[in-house]
Each structure stands twice: as structure tokens, then as C-alpha cells.
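Okay, structure first, notes after.
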Amino acid sequence: MLFGAGLPQLFSQVGDAKSYAERLFRFSEIDRLSQQESNEVVRGPVEQQGSRVSDGALGEIYEQTRGYPYFLQEWGYRAWNLAPEDGIDVQVAREATRLALKELDLQFFRVRFDRVTPTEREYMRALAELGEGIQRSSEVAALIGKTTYQLGTVRDGLIRKGMVYSPAHGDIAFTVPLFDHFLRRTMNLSAKPQRSRR
């Protein structure tokens, strides 16, 4: 039996590599957790150790991580190491946010950002400005002042590098959760009003 994992574009890539791949493998999407599930993931290990986590701390952690499992691990790890004996409160969670974002920006996000060309960065900047989730390729192009045809090779290059993917024809999104937040922090961008369709 074989188990594997990959980014959102895995399904289409497997289909390109092997005919009838959808018949050979079972694909399960692992997305973000609900707030209730996230709270349970954080609270469970803390309470097993005889400590506690406040509702305010759980709210802060969910707001910052959006319920993505990897980020829940990062915030939980840092909050646990920062917490005094009486448990994790909202102040501890906020400090965990500061430390987690600093580490992610220097390592997790930066490694990916450094792999792209200046033109590709411009494309990602425009995508980040449009907000979270799935956006239209035409809107990204319009923000840059070019056509989707002119940006076709740039978009394809980012897809090959695993930075973005196309969930449907004409759509585009970042493969890594919260990458748009990283770009807005590092490139001093402000997101447009939320128009995400995810």
C-alpha cells in the first residue's frame, strides 16, 4: 500500500503523468479545520498535561492560523513553551503569534519567495493584493496592467515551481496557506476588499 501527500495541484499532475490515475489512486483533500476542531487540537494536549488554555487564546490562535494543521502545530508549540504554570492565556497566544510569524517569514515563506524571479514576484504581489483564496487570472493581469496572454509564461512558471495552482479554468491561488499574508507583510501591501470565492 502506498500513501503520498502533495500540494493542491497534485491531482492534475498525477493525471498528466499517468493515464487513468484517478482509477489507480484515491485522492482525499486535507484542508483547514473548523474553529471547533482547531480548538480541540490545541486544547487536548494542553489539558492532558494538566494545564489549561483560555477561550481568548484559542480565538487568537484560530484567527492567525485559519485552522491549517501545520500552523496550529507552530502556534501550539510556541504557546506551550511560553506559557507559565497557570496555562495559556490570550497574551501568551499573541506572543506566540509574534514568534511564529517571525520564524515562518524567515524560513518557511522566505525559502519559497527566494525561488522566484522579479517578474514572478510582481505576479504574486498582485495576487496577494486581491486577497485570500481563489482569484481570477484576468484580475491579476488587470492589476499589473497586462493581459492574461502576456502573463501566461509567468503564471506557468509559478505553477511549475509549486507557488500557485489553478483549481479551475481561469482561476489562480497560492498553494501555501497564508502566503498572501506574508507578501503583504514583506512588500507593504494592503489587501483589497475580500472577494475570495473559496
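Labels used: A, B, ... for chains in the order of the C-alpha cells, numbers from 1 for residues in each chain, and numbers from 1 for ligands as shown.
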| request: Mind checking which residues fall within 12 Å of Leu143 (chain A), counting only C-alpha atoms, ignoring those fewer than 3 positions away in the same chain, and posting them as a list in words? | output: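 In the requested format, the answer is Glu122, Tyr123, Met124, Arg125, Ala126, Leu127, Ala128, Glu129, Leu130, Gln135, Arg136, Ser137, Ser138, Glu139, Val140, Lys146, Thr147, Thr148, Leu151 and Lys192 of chain A.
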| message | So that I can see what lies close to region 67-75 of chain A, please list as JSON, numbers by chain the residues with an atom at most 6 Å from it, counting only C-alpha atoms and leaving out residues fewer than 4 positions away in the same chain. | response | {"A": [32, 33, 38, 62, 79, 96]}
Write the residues you've just listed into a file as a PDB file, in the first residue's frame, and include C-alpha atoms for each of them.
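Saved to out-v1.pdb:
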ATOM      1  CA  ARG A  32      -8.199  23.620   7.150  1.00  0.00           C
ATOM      2  CA  LEU A  33     -10.011  22.612  10.314  1.00  0.00           C
ATOM      3  CA  SER A  38      -8.883  23.651  15.898  1.00  0.00           C
ATOM      4  CA  TYR A  62      -7.531  30.173  15.199  1.00  0.00           C
ATOM      5  CA  ALA A  79       2.421  28.972  23.128  1.00  0.00           C
ATOM      6  CA  ALA A  96       3.271  33.024  20.186  1.00  0.00           C
TER       7      ALA A  96
END
| request: Kindly indicate which residue among A:Gly152, A:Gly56, A:Met163, A:Thr97 lies nearest to Val111 (chain A), using only C-alpha atoms for the distances. | output: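 Residue with the minimum atom-to-atom distance to Val111 (chain A): A:Met163.
By chain and then residue number, the residues within 12 Å of Arg110 (chain A) are Leu101, Lys102, Glu103, Leu104, Val116, Val176, Phe179, Phe182, Leu183, Arg185 and Thr186 of chain A, counting only C-alpha atoms and disregarding those fewer than 6 positions away in sequence.
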Once you have the residues from the selection above, write them out as a PDB file, in the first residue's frame, restricted to N, CA and C atoms.
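What ended up in result-v4.pdb:
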ATOM      1  N   LEU A 101       5.232  34.004  13.465  1.00  0.00           N
ATOM      2  CA  LEU A 101       5.315  34.741  12.207  1.00  0.00           C
ATOM      3  C   LEU A 101       6.755  35.118  11.869  1.00  0.00           C
ATOM      4  N   LYS A 102       7.506  35.488  12.876  1.00  0.00           N
ATOM      5  CA  LYS A 102       8.913  35.831  12.637  1.00  0.00           C
ATOM      6  C   LYS A 102       9.666  34.639  12.065  1.00  0.00           C
ATOM      7  N   GLU A 103       9.451  33.459  12.654  1.00  0.00           N
ATOM      8  CA  GLU A 103      10.132  32.249  12.189  1.00  0.00           C
ATOM      9  C   GLU A 103       9.651  31.835  10.806  1.00  0.00           C
ATOM     10  N   LEU A 104       8.349  31.875  10.584  1.00  0.00           N
ATOM     11  CA  LEU A 104       7.802  31.484   9.283  1.00  0.00           C
ATOM     12  C   LEU A 104       8.285  32.432   8.187  1.00  0.00           C
ATOM     13  N   VAL A 116      11.764  32.626  -6.814  1.00  0.00           N
ATOM     14  CA  VAL A 116      11.082  33.186  -7.983  1.00  0.00           C
ATOM     15  C   VAL A 116      11.808  34.408  -8.532  1.00  0.00           C
ATOM     16  N   VAL A 176       0.471  27.549  -0.924  1.00  0.00           N
ATOM     17  CA  VAL A 176       0.806  27.558   0.505  1.00  0.00           C
ATOM     18  C   VAL A 176      -0.156  28.488   1.245  1.00  0.00           C
ATOM     19  N   PHE A 179       0.285  32.521   2.435  1.00  0.00           N
ATOM     20  CA  PHE A 179       1.413  33.118   1.723  1.00  0.00           C
ATOM     21  C   PHE A 179       1.092  34.551   1.320  1.00  0.00           C
ATOM     22  N   PHE A 182       2.042  36.796   4.110  1.00  0.00           N
ATOM     23  CA  PHE A 182       3.494  37.021   4.136  1.00  0.00           C
ATOM     24  C   PHE A 182       3.883  38.108   3.133  1.00  0.00           C
ATOM     25  N   LEU A 183       3.345  38.028   1.920  1.00  0.00           N
ATOM     26  CA  LEU A 183       3.688  39.023   0.902  1.00  0.00           C
ATOM     27  C   LEU A 183       3.216  40.414   1.306  1.00  0.00           C
ATOM     28  N   ARG A 185       2.915  41.503   4.323  1.00  0.00           N
ATOM     29  CA  ARG A 185       3.795  41.996   5.394  1.00  0.00           C
ATOM     30  C   ARG A 185       5.130  42.458   4.848  1.00  0.00           C
ATOM     31  N   THR A 186       5.714  41.677   3.948  1.00  0.00           N
ATOM     32  CA  THR A 186       7.078  41.961   3.491  1.00  0.00           C
ATOM     33  C   THR A 186       7.132  42.979   2.361  1.00  0.00           C
TER      34      THR A 186
END
| said: What's around Val46 (chain A) at 12 Å? Count only C-alpha atoms, leave out sequence neighbours fewer than 2 positions away in its own chain, and write the answer as JSON, numbers by chain. | reply: {"A": [39, 40, 41, 42, 43, 44, 48, 49, 50, 51, 52, 53, 54, 58, 76, 77, 79, 80, 81, 83, 85, 86, 87, 88]}
Same residues, N, CA and C atoms, saved as an mmCIF file, in the first residue's frame:
data_model
loop_
_atom_site.group_PDB
_atom_site.id
_atom_site.type_symbol
_atom_site.label_atom_id
_atom_site.label_comp_id
_atom_site.auth_asym_id
_atom_site.auth_seq_id
_atom_site.Cartn_x
_atom_site.Cartn_y
_atom_site.Cartn_z
ATOM 1 N N ASN A 39 -9.827 24.220 18.049
ATOM 2 C CA ASN A 39 -9.809 24.374 19.498
ATOM 3 C C ASN A 39 -9.510 23.040 20.180
ATOM 4 N N GLU A 40 -10.103 21.970 19.672
ATOM 5 C CA GLU A 40 -9.881 20.649 20.263
ATOM 6 C C GLU A 40 -8.427 20.199 20.073
ATOM 7 N N VAL A 41 -7.867 20.492 18.907
ATOM 8 C CA VAL A 41 -6.488 20.109 18.607
ATOM 9 C C VAL A 41 -5.512 20.797 19.554
ATOM 10 N N VAL A 42 -5.767 22.061 19.853
ATOM 11 C CA VAL A 42 -4.884 22.812 20.745
ATOM 12 C C VAL A 42 -5.156 22.461 22.208
ATOM 13 N N ARG A 43 -6.428 22.414 22.569
ATOM 14 C CA ARG A 43 -6.790 22.210 23.972
ATOM 15 C C ARG A 43 -6.426 20.812 24.473
ATOM 16 N N GLY A 44 -6.631 19.791 23.645
ATOM 17 C CA GLY A 44 -6.443 18.412 24.077
ATOM 18 C C GLY A 44 -5.080 18.137 24.694
ATOM 19 N N GLN A 48 -4.185 17.438 28.696
ATOM 20 C CA GLN A 48 -3.588 16.143 29.053
ATOM 21 C C GLN A 48 -2.378 16.321 29.962
ATOM 22 N N GLN A 49 -1.733 17.483 29.858
ATOM 23 C CA GLN A 49 -0.567 17.775 30.694
ATOM 24 C C GLN A 49 -0.963 18.497 31.988
ATOM 25 N N GLY A 50 -2.269 18.576 32.241
ATOM 26 C CA GLY A 50 -2.748 19.181 33.479
ATOM 27 C C GLY A 50 -2.764 20.691 33.474
ATOM 28 N N SER A 51 -2.695 21.302 32.299
ATOM 29 C CA SER A 51 -2.724 22.754 32.203
ATOM 30 C C SER A 51 -4.031 23.180 31.528
ATOM 31 N N ARG A 52 -4.119 24.440 31.160
ATOM 32 C CA ARG A 52 -5.350 24.928 30.539
ATOM 33 C C ARG A 52 -4.999 25.962 29.466
ATOM 34 N N VAL A 53 -5.976 26.217 28.593
ATOM 35 C CA VAL A 53 -5.844 27.257 27.570
ATOM 36 C C VAL A 53 -7.150 28.032 27.536
ATOM 37 N N SER A 54 -7.074 29.351 27.586
ATOM 38 C CA SER A 54 -8.276 30.183 27.666
ATOM 39 C C SER A 54 -8.979 30.264 26.309
ATOM 40 N N LEU A 58 -7.482 30.533 22.422
ATOM 41 C CA LEU A 58 -7.935 29.682 21.312
ATOM 42 C C LEU A 58 -8.423 30.533 20.143
ATOM 43 N N GLY A 76 0.823 26.211 18.598
ATOM 44 C CA GLY A 76 0.706 25.417 19.818
ATOM 45 C C GLY A 76 2.061 25.192 20.474
ATOM 46 N N TYR A 77 3.063 24.884 19.666
ATOM 47 C CA TYR A 77 4.417 24.662 20.169
ATOM 48 C C TYR A 77 4.957 25.902 20.874
ATOM 49 N N ALA A 79 3.244 28.587 21.978
ATOM 50 C CA ALA A 79 2.421 28.972 23.128
ATOM 51 C C ALA A 79 2.753 28.103 24.339
ATOM 52 N N TRP A 80 2.939 26.801 24.101
ATOM 53 C CA TRP A 80 3.258 25.889 25.212
ATOM 54 C C TRP A 80 4.598 26.255 25.860
ATOM 55 N N ASN A 81 5.584 26.579 25.040
ATOM 56 C CA ASN A 81 6.906 26.917 25.572
ATOM 57 C C ASN A 81 6.930 28.266 26.288
ATOM 58 N N ALA A 83 4.190 29.546 27.944
ATOM 59 C CA ALA A 83 3.154 29.620 28.980
ATOM 60 C C ALA A 83 3.708 29.439 30.388
ATOM 61 N N GLU A 85 2.935 28.457 34.508
ATOM 62 C CA GLU A 85 2.320 27.252 35.068
ATOM 63 C C GLU A 85 0.798 27.276 35.027
ATOM 64 N N ASP A 86 0.193 28.470 35.085
ATOM 65 C CA ASP A 86 -1.269 28.529 35.128
ATOM 66 C C ASP A 86 -1.913 28.420 33.747
ATOM 67 N N GLY A 87 -1.130 28.222 32.698
ATOM 68 C CA GLY A 87 -1.701 27.929 31.393
ATOM 69 C C GLY A 87 -1.507 29.014 30.349
ATOM 70 N N ILE A 88 -2.156 28.813 29.216
ATOM 71 C CA ILE A 88 -2.019 29.697 28.048
ATOM 72 C C ILE A 88 -3.180 30.679 28.017
#
| query | Suppose you want the space between CA of Asp105 (chain A) and CA of Val154 (chain A); what is it in Å? | reply |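 These atoms are spaced 23.7 Å apart.
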| message | Please list as a PyMOL selection string every residue within 7 Å of region 59-61 of chain A, counting only C-alpha atoms and excluding residues in the same chain fewer than 3 positions away. | response | chain A and resi 55-56+64-65+75+90+93-94
| request: Taking the chain letters and numbering used in this document, name the residues of chain A that DSSP puts in alpha helix (DSSP H), as an MDAnalysis selection string. | output: chainID A and resid 10:17 21:24 35:48 55:65 69:82 90:106 108:113 118:129 137:144 152:160 179:186
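Note that CA of Arg160 (chain A) and CA of Phe25 (chain A) are 22.3 Å apart.
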| task | Identify which of the residues A:Tyr149, A:Phe174, A:Phe27, A:Tyr165 lies closest to Arg112 (chain A), counting only C-alpha atoms when measuring atom-to-atom distances. | result |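 Distance minimum relative to Arg112 (chain A) lands on A:Phe174.
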